[in-house]
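Reviewing the structure listed below.
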Amino acid sequence: MNEWIVQGIGFLGVAFFALSYQVKSNRKLFLCQAIGSGLFALQFFLLGAVSGAYSLLLNIFRGLLLMRYNDWPWVRWKGLAALFCGLHGLITYLTWAGPISLLSFTAAAVSTLGQWQNNAKTIRLANLFCASPCWLAYDILVHSWGGILSESIAIFSVLLSVFRFGWSALGDPDSDFQK
């Protein structure tokens, strides 16, 4: 497939991930990230980066479940986070391409654990200090230019959301961020 098209798919994913940290509800954050993950999964498949592609597909399902966190009591069960981490481990095992596969696993597992807390502050911290740096390294190694831009923007966007809303608002269980 044409390299410009493959890279263009990643740049479409960039828009959804950048937007995800600027919305005021976790539900909308998860929806934007599900769409972005789908676009990057497609790009990763086209680049031959299957560990990352399958991890992102599982992240889409995770995000869709988390959108219903407040509506479906069973989704709040913390054991689901462990199950998703285990599935990410299985994906890593089945698609092993060397140590690079550990980057997608670590990013997916840490973001899963952070997101299952349903706390805007925890989600952003997990992404800022682990998930985004791991995805950034993965993107560099598989030559996903959109992914590199996306994770760079994600790090900046998380910092911007902290500046805009403040740490206390992000961690407040009664704020709009928790809906």
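Identifiers for the structure tokens are assigned positionally: chains receive A, B, ... in sequence, residues are indexed from 1 per chain, and ligands are indexed from 1 in the order shown.
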Applying 6 Å and only C-alpha atoms, which residues near segment 125-135 of chain A remain after dropping the ones on its own chain fewer than 2 positions away? List them as a list in words.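 My reading of the contact set: Leu103, Ala107, Ser111, Gly114, Thr122, Ile123, Ala137, Tyr138, Asp139, Glu151 and Ile155 of chain A.
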Hey, can you spit out that residue selection with all heavy atoms as a short mmCIF file (atom, residue, chain, number, x, y, z; two decimals), in the first residue's frame?
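Output saved as out-v4.cif:
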```
data_model
loop_
_atom_site.label_atom_id
_atom_site.label_comp_id
_atom_site.auth_asym_id
_atom_site.auth_seq_id
_atom_site.Cartn_x
_atom_site.Cartn_y
_atom_site.Cartn_z
N LEU A 103 7.00 -2.92 24.69
CA LEU A 103 6.56 -1.52 24.73
C LEU A 103 5.05 -1.41 24.59
O LEU A 103 4.40 -0.70 25.36
CB LEU A 103 7.26 -0.71 23.63
CG LEU A 103 8.75 -0.49 23.82
CD1 LEU A 103 9.38 0.07 22.55
CD2 LEU A 103 9.01 0.44 25.00
N ALA A 107 2.53 -0.20 27.67
CA ALA A 107 1.63 0.93 27.44
C ALA A 107 0.17 0.52 27.66
O ALA A 107 -0.59 1.22 28.33
CB ALA A 107 1.82 1.48 26.02
N SER A 111 -2.07 1.77 30.95
CA SER A 111 -3.25 2.60 30.67
C SER A 111 -4.52 1.88 31.11
O SER A 111 -5.46 2.51 31.60
CB SER A 111 -3.32 3.01 29.20
OG SER A 111 -3.46 1.90 28.35
N GLY A 114 -4.73 2.34 34.87
CA GLY A 114 -5.08 3.73 35.15
C GLY A 114 -6.53 4.04 34.84
O GLY A 114 -7.23 4.66 35.64
N THR A 122 -5.75 10.09 37.66
CA THR A 122 -4.99 8.84 37.53
C THR A 122 -4.80 8.45 36.07
O THR A 122 -3.72 8.02 35.66
CB THR A 122 -5.72 7.70 38.28
OG1 THR A 122 -5.88 8.10 39.65
CG2 THR A 122 -4.95 6.41 38.21
N ILE A 123 -5.84 8.62 35.27
CA ILE A 123 -5.76 8.31 33.84
C ILE A 123 -4.67 9.15 33.18
O ILE A 123 -3.83 8.65 32.43
CB ILE A 123 -7.12 8.55 33.15
CG1 ILE A 123 -8.15 7.53 33.64
CG2 ILE A 123 -6.97 8.51 31.63
CD1 ILE A 123 -9.58 7.89 33.27
N ALA A 137 8.02 5.39 21.94
CA ALA A 137 9.18 4.56 21.56
C ALA A 137 8.77 3.52 20.53
O ALA A 137 9.49 3.28 19.54
CB ALA A 137 9.77 3.89 22.80
N TYR A 138 7.60 2.88 20.72
CA TYR A 138 7.11 1.88 19.76
C TYR A 138 6.91 2.53 18.39
O TYR A 138 7.34 1.98 17.36
CB TYR A 138 5.79 1.29 20.29
CG TYR A 138 5.28 0.11 19.49
CD1 TYR A 138 5.72 -1.18 19.76
CD2 TYR A 138 4.33 0.28 18.48
CE1 TYR A 138 5.25 -2.27 19.05
CE2 TYR A 138 3.86 -0.80 17.76
CZ TYR A 138 4.32 -2.07 18.05
OH TYR A 138 3.86 -3.15 17.33
N ASP A 139 6.26 3.69 18.39
CA ASP A 139 6.01 4.39 17.12
C ASP A 139 7.30 4.73 16.38
O ASP A 139 7.38 4.61 15.16
CB ASP A 139 5.22 5.68 17.38
CG ASP A 139 3.81 5.42 17.86
OD1 ASP A 139 3.22 4.39 17.48
OD2 ASP A 139 3.29 6.25 18.63
N GLU A 151 1.63 10.75 20.17
CA GLU A 151 2.09 10.61 21.56
C GLU A 151 2.78 11.88 22.05
O GLU A 151 2.67 12.22 23.23
CB GLU A 151 3.00 9.39 21.70
CG GLU A 151 2.29 8.08 21.48
CD GLU A 151 1.02 7.88 22.30
OE1 GLU A 151 0.92 8.40 23.44
OE2 GLU A 151 0.11 7.19 21.80
N ILE A 155 1.23 13.85 25.32
CA ILE A 155 1.97 14.31 26.48
C ILE A 155 1.72 15.81 26.71
O ILE A 155 1.42 16.24 27.82
CB ILE A 155 3.48 14.00 26.32
CG1 ILE A 155 3.69 12.48 26.38
CG2 ILE A 155 4.31 14.73 27.37
CD1 ILE A 155 5.08 12.01 25.92
#
```
Nearby residues (only C-alpha atoms) at most 8 Å from Ser55 of chain A, same-chain spacing under 3 positions excluded, as a PyMOL selection string: chain A and resi 51-52+58-59+88+91+104-105+108
Contacts of Tyr93 of chain A within 12 Å, only C-alpha atoms, excl. fewer than 2 positions in-chain, as an MDAnalysis selection string: chainID A and resid 50:51 54:55 86:91 95:102 104:105
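Distances here use only C-alpha atoms; by that measure, the residue among A:Ala154, A:Ala82, A:Val110, A:Ile5 closest to Gly36 of chain A is A:Ala154.
Atom CA of Tyr69 of chain A is positioned 14.9 Å from atom CA of Phe84 of chain A.
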Pick from A:Gln43, A:Asn118, A:Ser168, A:Gln33, whichever lies nearest to Phe17 of chain A using only C-alpha atoms: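 Smallest separation from Phe17 of chain A among the options: A:Gln33.
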Distance atom CA of Arg62 of chain A-atom CA of Ile9 of chain A, one decimal place?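 We find that atom CA of Arg62 of chain A and atom CA of Ile9 of chain A lie 21.6 Å from each other.
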Could you check which of A:Leu66, A:Ala49, A:Val142, A:Ala81 is closest to Lys28 of chain A, using only C-alpha atoms? A:Leu66
Let me make sure I understand: among A:Leu136, A:Phe30, A:Leu65, A:Ser20, which one has the smallest atom-to-atom distance to Leu149 of chain A if we use only C-alpha atoms?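 Result for the nearest residue to Leu149 of chain A: A:Leu136.
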Among listed residues A:Asn26, A:Trp77, A:Phe61, A:Arg124, nearest Phe156 of chain A (using only C-alpha atoms):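 Answer, going by the shortest atom-to-atom distance: A:Arg124.
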For Leu56 of chain A: contacts at 7 Å, only C-alpha atoms, fewer than 3 positions along chain excluded, given as a tab-separated table (two decimals) with N, CA, C and O atoms, in the first residue's frame:
```
chain	number	residue	atom	x	y	z
A	37	SER	N	-7.62	4.67	18.36
A	37	SER	CA	-6.99	3.35	18.43
A	37	SER	C	-7.31	2.52	17.20
A	37	SER	O	-6.45	1.79	16.70
A	38	GLY	N	-8.53	2.62	16.72
A	38	GLY	CA	-8.90	1.88	15.50
A	38	GLY	C	-8.08	2.32	14.31
A	38	GLY	O	-7.61	1.48	13.52
A	41	ALA	N	-4.53	1.07	14.86
A	41	ALA	CA	-4.46	-0.38	14.69
A	41	ALA	C	-4.36	-0.72	13.20
A	41	ALA	O	-3.54	-1.55	12.80
A	52	GLY	N	1.41	-4.19	18.43
A	52	GLY	CA	0.73	-2.93	18.69
A	52	GLY	C	-0.68	-2.90	18.13
A	52	GLY	O	-1.60	-2.38	18.76
A	53	ALA	N	-0.85	-3.46	16.94
A	53	ALA	CA	-2.18	-3.47	16.30
A	53	ALA	C	-3.19	-4.23	17.15
A	53	ALA	O	-4.29	-3.73	17.42
A	59	ASN	N	-7.73	-2.50	23.18
A	59	ASN	CA	-7.99	-1.22	23.84
A	59	ASN	C	-9.32	-0.61	23.40
A	59	ASN	O	-9.97	0.08	24.18
A	60	ILE	N	-9.70	-0.85	22.16
A	60	ILE	CA	-11.00	-0.33	21.69
A	60	ILE	C	-12.11	-0.98	22.50
A	60	ILE	O	-13.01	-0.28	23.01
```
Quick one: of A:Thr92, A:Lys78, A:Trp4, A:Ala120, who's nearest to Val158 of chain A, counting only C-alpha atoms?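 Nearest candidate to Val158 of chain A out of A:Thr92, A:Lys78, A:Trp4, A:Ala120: A:Ala120.
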